[in-house]
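Novice: Okay, here's the structure, questions in a sec.
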Number of protein chains: 4
Amino acid sequence: MAPPTVADLTSPSSWAMVEDKFSPYAKETLTKLIAFMHEEILPAMKLAHVQLPTDPEKRWKTVIPIIEELKVKARQLGLWNLFLSKAHYPEHGVPLTNLEYAVMAEILGRGGHLAPQVVNCSAPDTGNMEVLARYGNPEQQRKWLIPLLNGEIRSSFAMTERFVASSDATNIRTSIRQEGNEIVINGHKWWISGAGDPRTRVHLVMGKSDPNNTSTYSQQSVVIVPADAPGVKIVRPMQVLGYDDAPEGHCEIIYDNVRVPLSNLVWDWGKGFEIIQGRLGPGRIHHCMRSIGAAQAALDLMIQRVTDPSRKTFGKYLYEHGSVIADIAKCRAEIESSRLLVLSAANQIDKFRAKGALKEIGIAKFVVPSMACRVVDTAMQAFGAEGLSQDQPLAQVFAQLRTLRLADGPDAVHIHQIGRTELKRASQLSKTTAEIKKKENALLEKHGVKAHL
Amino acid sequence: MAPPTVADLTSPSSWAMVEDKFSPYAKETLTKLIAFMHEEILPAMKLAHVQLPTDPEKRWKTVIPIIEELKVKARQLGLWNLFLSKAHYPEHGVPLTNLEYAVMAEILGRGGHLAPQVVNCSAPDTGNMEVLARYGNPEQQRKWLIPLLNGEIRSSFAMTERFVASSDATNIRTSIRQEGNEIVINGHKWWISGAGDPRTRVHLVMGKSDPNNTSTYSQQSVVIVPADAPGVKIVRPMQVLGYDDAPEGHCEIIYDNVRVPLSNLVWDWGKGFEIIQGRLGPGRIHHCMRSIGAAQAALDLMIQRVTDPSRKTFGKYLYEHGSVIADIAKCRAEIESSRLLVLSAANQIDKFRAKGALKEIGIAKFVVPSMACRVVDTAMQAFGAEGLSQDQPLAQVFAQLRTLRLADGPDAVHIHQIGRTELKRASQLSKTTAEIKKKENALLEKHGVKAHL
Amino acid sequence: MAPPTVADLTSPSSWAMVEDKFSPYAKETLTKLIAFMHEEILPAMKLAHVQLPTDPEKRWKTVIPIIEELKVKARQLGLWNLFLSKAHYPEHGVPLTNLEYAVMAEILGRGGHLAPQVVNCSAPDTGNMEVLARYGNPEQQRKWLIPLLNGEIRSSFAMTERFVASSDATNIRTSIRQEGNEIVINGHKWWISGAGDPRTRVHLVMGKSDPNNTSTYSQQSVVIVPADAPGVKIVRPMQVLGYDDAPEGHCEIIYDNVRVPLSNLVWDWGKGFEIIQGRLGPGRIHHCMRSIGAAQAALDLMIQRVTDPSRKTFGKYLYEHGSVIADIAKCRAEIESSRLLVLSAANQIDKFRAKGALKEIGIAKFVVPSMACRVVDTAMQAFGAEGLSQDQPLAQVFAQLRTLRLADGPDAVHIHQIGRTELKRASQLSKTTAEIKKKENALLEKHGVKAHL
Amino acid sequence: MAPPTVADLTSPSSWAMVEDKFSPYAKETLTKLIAFMHEEILPAMKLAHVQLPTDPEKRWKTVIPIIEELKVKARQLGLWNLFLSKAHYPEHGVPLTNLEYAVMAEILGRGGHLAPQVVNCSAPDTGNMEVLARYGNPEQQRKWLIPLLNGEIRSSFAMTERFVASSDATNIRTSIRQEGNEIVINGHKWWISGAGDPRTRVHLVMGKSDPNNTSTYSQQSVVIVPADAPGVKIVRPMQVLGYDDAPEGHCEIIYDNVRVPLSNLVWDWGKGFEIIQGRLGPGRIHHCMRSIGAAQAALDLMIQRVTDPSRKTFGKYLYEHGSVIADIAKCRAEIESSRLLVLSAANQIDKFRAKGALKEIGIAKFVVPSMACRVVDTAMQAFGAEGLSQDQPLAQVFAQLRTLRLADGPDAVHIHQIGRTELKRASQLSKTTAEIKKKENALLEKHGVKAHL
């Protein structure tokens with residue numbers, strides 16, 4: 001049987017909206033990706049799970065063999081680094097737009113942690129590659145970017161700090177200071193994704209190099225720290241709703257007098273804030289599209305469950321009970337409208353770069369993760385207790401999606417930001433209204449009607 | 001000051017998604033429409049309101065002068081019958097796609113009952129013109145379609161019945177029977193929109209011509225009834241949340257032994273059900289886009305109110321209180337995602353006709369009106385009691401939008417329909433799952449892992 | 001057939017919660033009230049509607065005969081002024097607690113505008129009687145309170161101002177100043193409920209008597225203004241979602257150099273703010289309980305509709321479609337939990353006066369009206385278009401309930417207030433937590449465990 | 001510092017509603033319980049966590065020492081078996097009503113898995129003790145009930161089956177058949193709570209003894225199975241959102257030709273369905289009240305977090321951002337109304353036994369767990385990523401509450417049940433309506449008004 005089409009996996013109408021924006025190369029790549037997902041990646045998910053030891057020590061020291069095998073195949077097929085748009089990264093990028101990759105990211109989102117890794121498109125590596133491609137000097141690129149682009153190593157971005165509300169970057173306490181030809185780093189971070197992985201060789205660490213700078217957004221710098229540098233102490237993995245996400249994990253790390261050469265500074269002193277800003281735009285869209293893929297996959301699972309004859313109760317299919325059919329319709333509508341929202345944001349990035357798409361990215365960022373959580377929660381409910389367990393992918397997917405309501409700033413921050421941006425339209429709206437009012441009054445007067453107050 | 005752009009009135013990103021699907025003619029027409037809205041239609045709304053008498057009798061006998069004036073101007077500008085796509089109605093249509101008109105319908109939706117009338121795009125005339133253009137014979141077209149296309153007369157569609165759950169067409173009781181060269185109609189209808197208007201000259205009446213036909217969908221026929229035929233008795237206007245929507249109104253009508261010539265039968269005996277099916281697709285999209293325009297206009301009003309310095313309380317702007325900013329952001333996101341949903345459905349109609357876009361139309365039908373009700377309700381709340389009153393357009397808009405959750409079938413019917421359609425994907429999904437499972441088991445076996453149950 | 005019991009009309013379990021708090025007198029009164037509702041008030045609602053002329057002038061000059069007839073009967077039965085608790089108003093009150101009256105208010109809430117009037121418990125008279133009973137001097141009480149208590153006249157409370165955000169009392173612009181032995185009032189009010197009623201003889205007017213007082217809450221005073229005083233100009237009735245609520249109405253009023261004797265000052269100069277504060281507590285609970293009665297009545301209507309065999313579609317009862325059954329269950333649960341919330345607030349007022357029940361009153365105030373709107377909206381949806389029309393009570397009830405989300409401050413104000421009050425618990429909570437933490441650490445140490453950070 | 005009062009921990013107004021229904025003994029016990037919670041149980045929660053090994057094998061073989069210590073203290077204080085009401089279980093019960101215990105259960109709900117165990121009130125033991133107290137013969141009571149009442153052993157109830165939709169008891173496949181003097185059990189169960197605990201000595205197993213009985217509710221029987229009987233095979237622990245809830249756990253179990261003496265039959269053949277029905281009423285209320293305690297504790301945590309000065313961002317407290325204050329107010333209101341709902345259901349059980357409180361129990365069952373999930377989710381969001389981690393109790397509490405939306409039947413089942421029950425009111429409502437209509441028509445006629453259709 002042929003693999004499903006993109007219209008099957010997403011929706012005919014969303015595909016009809018964007019199809020004519022796809023290059024022939026992008027269409028071909030998408031077709032290959034779908035086939036590869038169904039022939040190689042999805043069938044390998046259970047094996048990958050089995051190849052991860054349950055032993056609390058060993059699971060953090062494992063490179064899962066099947067993933068490495070699939071990476072080789074994927075690269076041979078040209079399914080590699082799809083996230084890096086040539087338009088924005090001419091040297092290292094692939095000839096795909098953000099919109100084109102967005103559709104692929106949704107497909108990848110059906111494959112949990114595994115699929116993005118296999119095609120070298122998994123966070124936090126993607127954002128780190130963007131940073132190094134944009135701001136890294138040739139030596140940094142040779143040493144860290146190329147192996148990352150080759151999928152030979154992995155990386156972390158160390159931003160969030162323990163004991164501090166670090167979503168406000170001015171609260172950051174990690175100290176980055178120059179001592180002669182070296183940079184000395186001291187800080188206490190946590191939720192550092194990927195830091196548990198034995199393949200992770202490098203951390204990009206954000207800290208304060210100039211804490212007294214009156215410009216609060218020039219106090220921060222970013223430094224490249226090899227994962228095995230003396231003083232890098234991984235304290236423990238954090239859990240997310242009971243999951244440790246080994247081997248990558250989300251680690252608590254103490255940087256205790258870590259010393260790196262001065263050449264490990266990224267871009268320049270005081271550029272930390274600008275670096276993280278640039279890092280977030282497209283990455284948020286990728287997260288969103290993967291979330292939509294996860295939600296769509298959950299809905300697909302739910303549809304199979306509620307039509308399963310062996311699940312009948314009281315002589316009826318599950319879908320004949322209560323509001324299951326309505327739930328499915330609403331999930332379908334929510335997925336579809338969210339998908340269009342994100343595709344539209346990706347298109348906006350292509351046309352106006354991330355800076356010109358802030359509103360669209362922000363809306364997607366607060367709409368999609370909570371939508372996806374609701375859909376997956378609905379699907380879990382349809383599966384009964386099994387839906388919450390290790391026997392279905394739903395619970396772990398839910399946990400991942402739940403973190404996205406907090407990662408890169410909680411929903412409320414993005415909602416507030418969008419609200420503020422909307423308010424800026426007030427002045428233009430008032431002018432237009434005043435003009436209409438003026439014409440209205442002239443017209444009323446002409447017809448001998450006394451204008452109302 | 002120049003009128004706003006389409007990107008201002010809708011959103012930059014939705015426009016960016018569809019712009020390259022617009023013909024030069026459509027772009028030009030859209031620009032003209034926006035200018036006309038801001039220079040003529042919106043400034044005339046209050047006058048139109050004043051020109052409608054408050055006297056309970058006279059308000060039903062009035063042709064509002066300013067509307068007729070504007071109709072002349074609109075037609076001269078080529079802003080006329082924009083809803084009738086040449087692609088589907090080659091003889092009478094205009095060279096616009098459904099997608100192109102959808103964007104225009106949103107703009108019209110900012111102008112209440114007035115704007116659609118001015119450009120001869122108002123329900124129920126639009127659906128009736130579609131019926132007559134598709135199914136009317138040349139004589140019927142000459143007599144009724146041409147004057148409708150010219151905006152000289154208006155029309156009603158008489159479907160809903162009192163005392164009967166007529167959303168199930170098999171429950172319809174109105175009798176349509178042949179007697180010699182005549183058709184005799186007896187029935188009790190209500191909620192017949194437009195029937196109060198002095199310009200309304202014709203009713204398309206749905207009834208049962210063959211109530212015993214074993215095919216329940218061949219029992220109905222549609223007949224053309226002149227509004228002044230003996231036996232057509234308008235009982236009373238129905239109110240919607242306190243509004244009578246004069247002069248059009250939504251009337252209770254008794255057809256008491258009404259006789260029309262046999263030639264007034266539309267299409268053929270037993271075609272009633274098929275006729276109403278064909279009538280509903282694009283019309284639902286038009287309603288949806290107008291609703292989105294109404295919601296966007298309500299949000300724009302709200303933004304102006306909450307930034308109005310004269311509305312400060314306790315030293316703060318309204319937007320600084322409670323969750324106003326969050327409300328605005330959420331409204332903005334809901335409008336945007338709904339808009340994309342409807343544009344995508346319109347695009348689907350263009351590509352696959354209404355029959356190939358049933359799912360998209362159905363989703364839009366249940367998502368948009370309740371979304372728009374929520375947005376307008378939120379805006380009303382921001383205006384305080386004034387928001388509920390005759391001093392703001394919001395309350396009447398709310399009432400209109402609220403009826404759309406029932407018109408052409410209540411939300412629940414469409415939700416159910418979409419849910420059922422989704423369930424049909426089960427068989428294909430199960431096949432794909434089985435194939436992946438097979439590969440998964442082969443892979444597990446190859447690696448010596450016993451497949452889990 | 002005997003009238004329903006209180007447990008039928010509310011719920012067995014809510015009645016079981018409060019029954020033992022009812023005095024024998026209250027039980028007897030409640031039983032009489034229920035019988036009177038079913039035998040006299042509910043059967044009279046249509047007649048009262050018919051007795052109100054549709055003529056736009058006459059409807060404001062009508063005293064509806066059946067209401068006056070029923071008032072006589074109600075008073076004879078002792079069903080009179082039930083809202084005025086003897087415990088708080090020893091001189092004029094009736095021997096009922098707020099909790100006891102709350103249950104009766106729910107019963108009255110099933111009878112629209114009519115029922116509360118019939119038993120002389122309708123707003124804004126109730127609040128005005130409370131003000132005059134608490135703060136009026138003997139002469140004021142003789143002249144205005146006694147006729148109000150006797151149901152001979154009606155009254156208004158003039159607080160809300162046009163062009164001003166008057167929910168912040170410091171924004172009030174109406175001027176109240178002493179000139180010799182007179183008080184001169186100038187101001188522009190609107191939404192003055194009851195002011196249209198020909199029986200309304202007196203307005204309590206709130207304005208600023210000392211606008212420069214540094215204590216912003218001592219700037220206001222309340223003055224008694226006879227409705228027929230020269231300079232009292234009723235501009236127009238405001239509409240609420242299309243309803244004018246004649247003959248009471250919600251009027252725009254200009255007080256243009258209105259002069260009253262100095263003896264018409266209520267309580268004392270600068271007491272305006274304190275007077276309105278005292279006016280609001282129990283009144284809010286009454287509104288809430290009536291809203292719950294309205295919601296329960298709407299649910300009861302809905303249950304009858306969805307089980308009506310004549311409403312079957314596609315061979316099924318309405319309740320067999322979609323999520324109707326689930327909707328009913330959720331409405332039932334929402335009504336029940338809201339009812340308990342309000343009963344508990346009423347009980348709190350009885351135990352600790354309104355000041356000691358601010359949190360409970362505030363929660364009820366923001367929970368109940370939106371709950372009741374949702375329930376009535378759900379019921380309207382079940383009735384189809386008829387639910388929105390003049391043929392069912394639902395639409396007008398919806399409009400009334402919708403205003404309650406704004407009256408006495410919009411929901412958001414009460415939500416914010418309760419949130420702030422909750423935050424005040426922080427200090428006590430932190431102390432308790434610190435104490436537990438201390439014991440925890442001692443215990444861990446005793447067991448040789450190093451306490452976590 | 002004195003421990004908080006019950007009004008502090010729940011709410012003053014809910015306590016005011018029930019206080020006069022409390023016996024002096026119940027008040028005294030409640031006071032002791034609160035003190036014990038704050039002085040002993042809450043400070044011991046971390047130690048209990050530490051005393052549970054992380055080793056995947058050992059954690060299932062551990063009896064946590066501090067729990068056993070606290071059990072001794074609790075029993076000495078008379079804080080023991082509080083759930084078993086003397087009114088319903090005269091021989092073994094304690095002199096507390098369900099309402100009195102409900103308030104205590106909320107307090108216990110602040111102490112996770114630990115607190116209920118310490119006072120011997122933890123599921124599934126509670127339900128099993130009820131079964132054995134009601135249906136067990138003296139010998140069964142001596143052997144199993146007494147040790148359970150003494151807290152010496154623990155127990156499981158084996159109902160849910162793998163591969164089967166066992167929420168419909170007629171789908172159960174486990175076979176229970178008599179062979180001579182023995183009963184032979186074969187079946188495949190999962191989600192058997194408590195079965196992992198080394199203290200669990202007995203399973204009550206539900207299966208089919210008479211699968212061909214035409215009365216589908218007489219096919220089932222319940223049998224007592226010692227946990228160490230040959231053939232009882234614990235396959236694995238199920239996980240809930242990543243948690244294994246060791247050492248109790250929720251286990252998959254195969255009963256493989258397990259043989260027990262005939263005397264292990266509970267009550268009689270074919271009584272299985274009746275036994276589980278009786279088991280569920282009060283237990284559901286206990287779950288609900290503990291959930292409310294958990295939700296209240298989460299809100300209390302959230303209040304402390306958002307007022308914590310060290311969490312300020314951008315110069316503001318967390319509570320000053322976005323809609324935090326509104327969230328807190330809404331959580332507070334939801335908790336309070338749910339609490340009253342459950343207290344009212346408990347009161348109903350006391351007055352009319354579980355059978356007379358089915359509607360109240362059902363409403364609580366579907367309202368409370370989802371409410372508590374929302375509140376805890378809101379609190380998690382306020383804590384950022386930390387809220388999802390092992391450093392706060394919220395995530396694990398969320399997982400437990402999430403299962404309650406499925407345990408004893410998913411929400412939808414209870415919603416449907418309540419909806420159906422509500423529909424039964426239709427006939428009585430219609431009669432009342434008809435009677436009012438009759439009086440209405442008579443009144444209209446008397447006043448010469450033609451009754452409307």
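Residues are named by chain letter and number: chains run A, B, ... in the order of the structure tokens, numbers start at 1 in each chain, and ligands are numbered from 1 in the order shown.
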Could you pull the residues within 7 Å of Arg405 in chain A, counting only C-alpha atoms, minus those fewer than 4 positions along the same chain, as JSON, numbers by chain?
Specialist: {"A": [369, 370, 410, 411]}
Novice: Per residue of chain C within 9 Å of chain A, which atom pair is closest and at what distance in Å (one decimal), using only C-alpha atoms, listed by chain and increasing number, as a tab-separated table?
Specialist:
```
residue	atom	partner	partner_atom	distance
C:Gly322	CA	A:Ser323	CA	6.5
C:Ser323	CA	A:Ser323	CA	5.2
C:Val324	CA	A:Ser323	CA	8.8
C:Ile325	CA	A:Gly322	CA	7.8
C:Ala326	CA	A:Gly322	CA	6.9
```
Novice: Take the residues that were just selected and, keeping C-alpha atoms, output them as a compact mmCIF listing (two decimals), in the first residue's frame.
Specialist:
```txt
# COMPACT_ATOMS: atom_id res chain seq x y z
CA GLY C 322 -25.85 15.24 19.65
CA SER C 323 -24.91 16.33 23.11
CA VAL C 324 -28.33 17.43 24.38
CA ILE C 325 -28.30 15.00 27.28
CA ALA C 326 -24.81 16.09 28.26
```
Novice: Check range 215-318 of chain B with DSSP on the backbone and list each residue it calls strand (DSSP E or B), as a ChimeraX atom specification.
Specialist: /B:220-226,232-237,240,243,250-261,265,313,316
Novice: Have a look at CA of Glu445 in chain B and CA of Lys73 in chain A and let me know their distance in Å, one decimal.
Specialist: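 About the pair CA of Glu445 in chain B and CA of Lys73 in chain A: they are 20.4 Å apart.
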Novice: Excluding Pro230 in chain D and its own-chain neighbours fewer than 6 positions away, which residues fall within 9 Å of it when counting only C-alpha atoms? Please give them as an MDAnalysis selection string.
Specialist: chainID D and resid 255:259
Novice: Rounded to one decimal in Å, what is the spacing between CA of Trp60 in chain C and CA of Pro247 in chain B?
Specialist: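 That distance, rounded to one decimal, is 24.5 Å.
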Novice: Enter the distance from CA of Ala329 in chain B to CA of Pro4 in chain B, in Å, rounded to one decimal.
Specialist: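 Atom-to-atom, CA of Ala329 in chain B and CA of Pro4 in chain B are spaced 21.4 Å apart.
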Novice: Would you list the contacts of Lys438 in chain B as a ChimeraX atom specification, taking every protein, DNA or RNA residue within 12 Å and counting only C-alpha atoms, but skipping same-chain residues closer than 4 positions in sequence?
Specialist: /A:38-40,42-44 /B:431-434,442-445,451
Novice: Give the answer as one residue: which of B:Leu406, B:Cys121, B:Ala346, B:Ala382 has the shortest atom-to-atom distance to Ala16 in chain A, using only C-alpha atoms?
Specialist: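 Ranked by minimum distance to Ala16 in chain A, first place goes to B:Ala346.
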Novice: For Gly180 in chain D, please output as a list in words all residues within 12 Å (counting only C-alpha atoms; exclusion window: fewer than 2 positions along the same chain).
Specialist: Arg177, Gln178, Glu182, Ile183, Val184, Arg259, Val260, Pro261, Leu262 and Ser263 of chain D
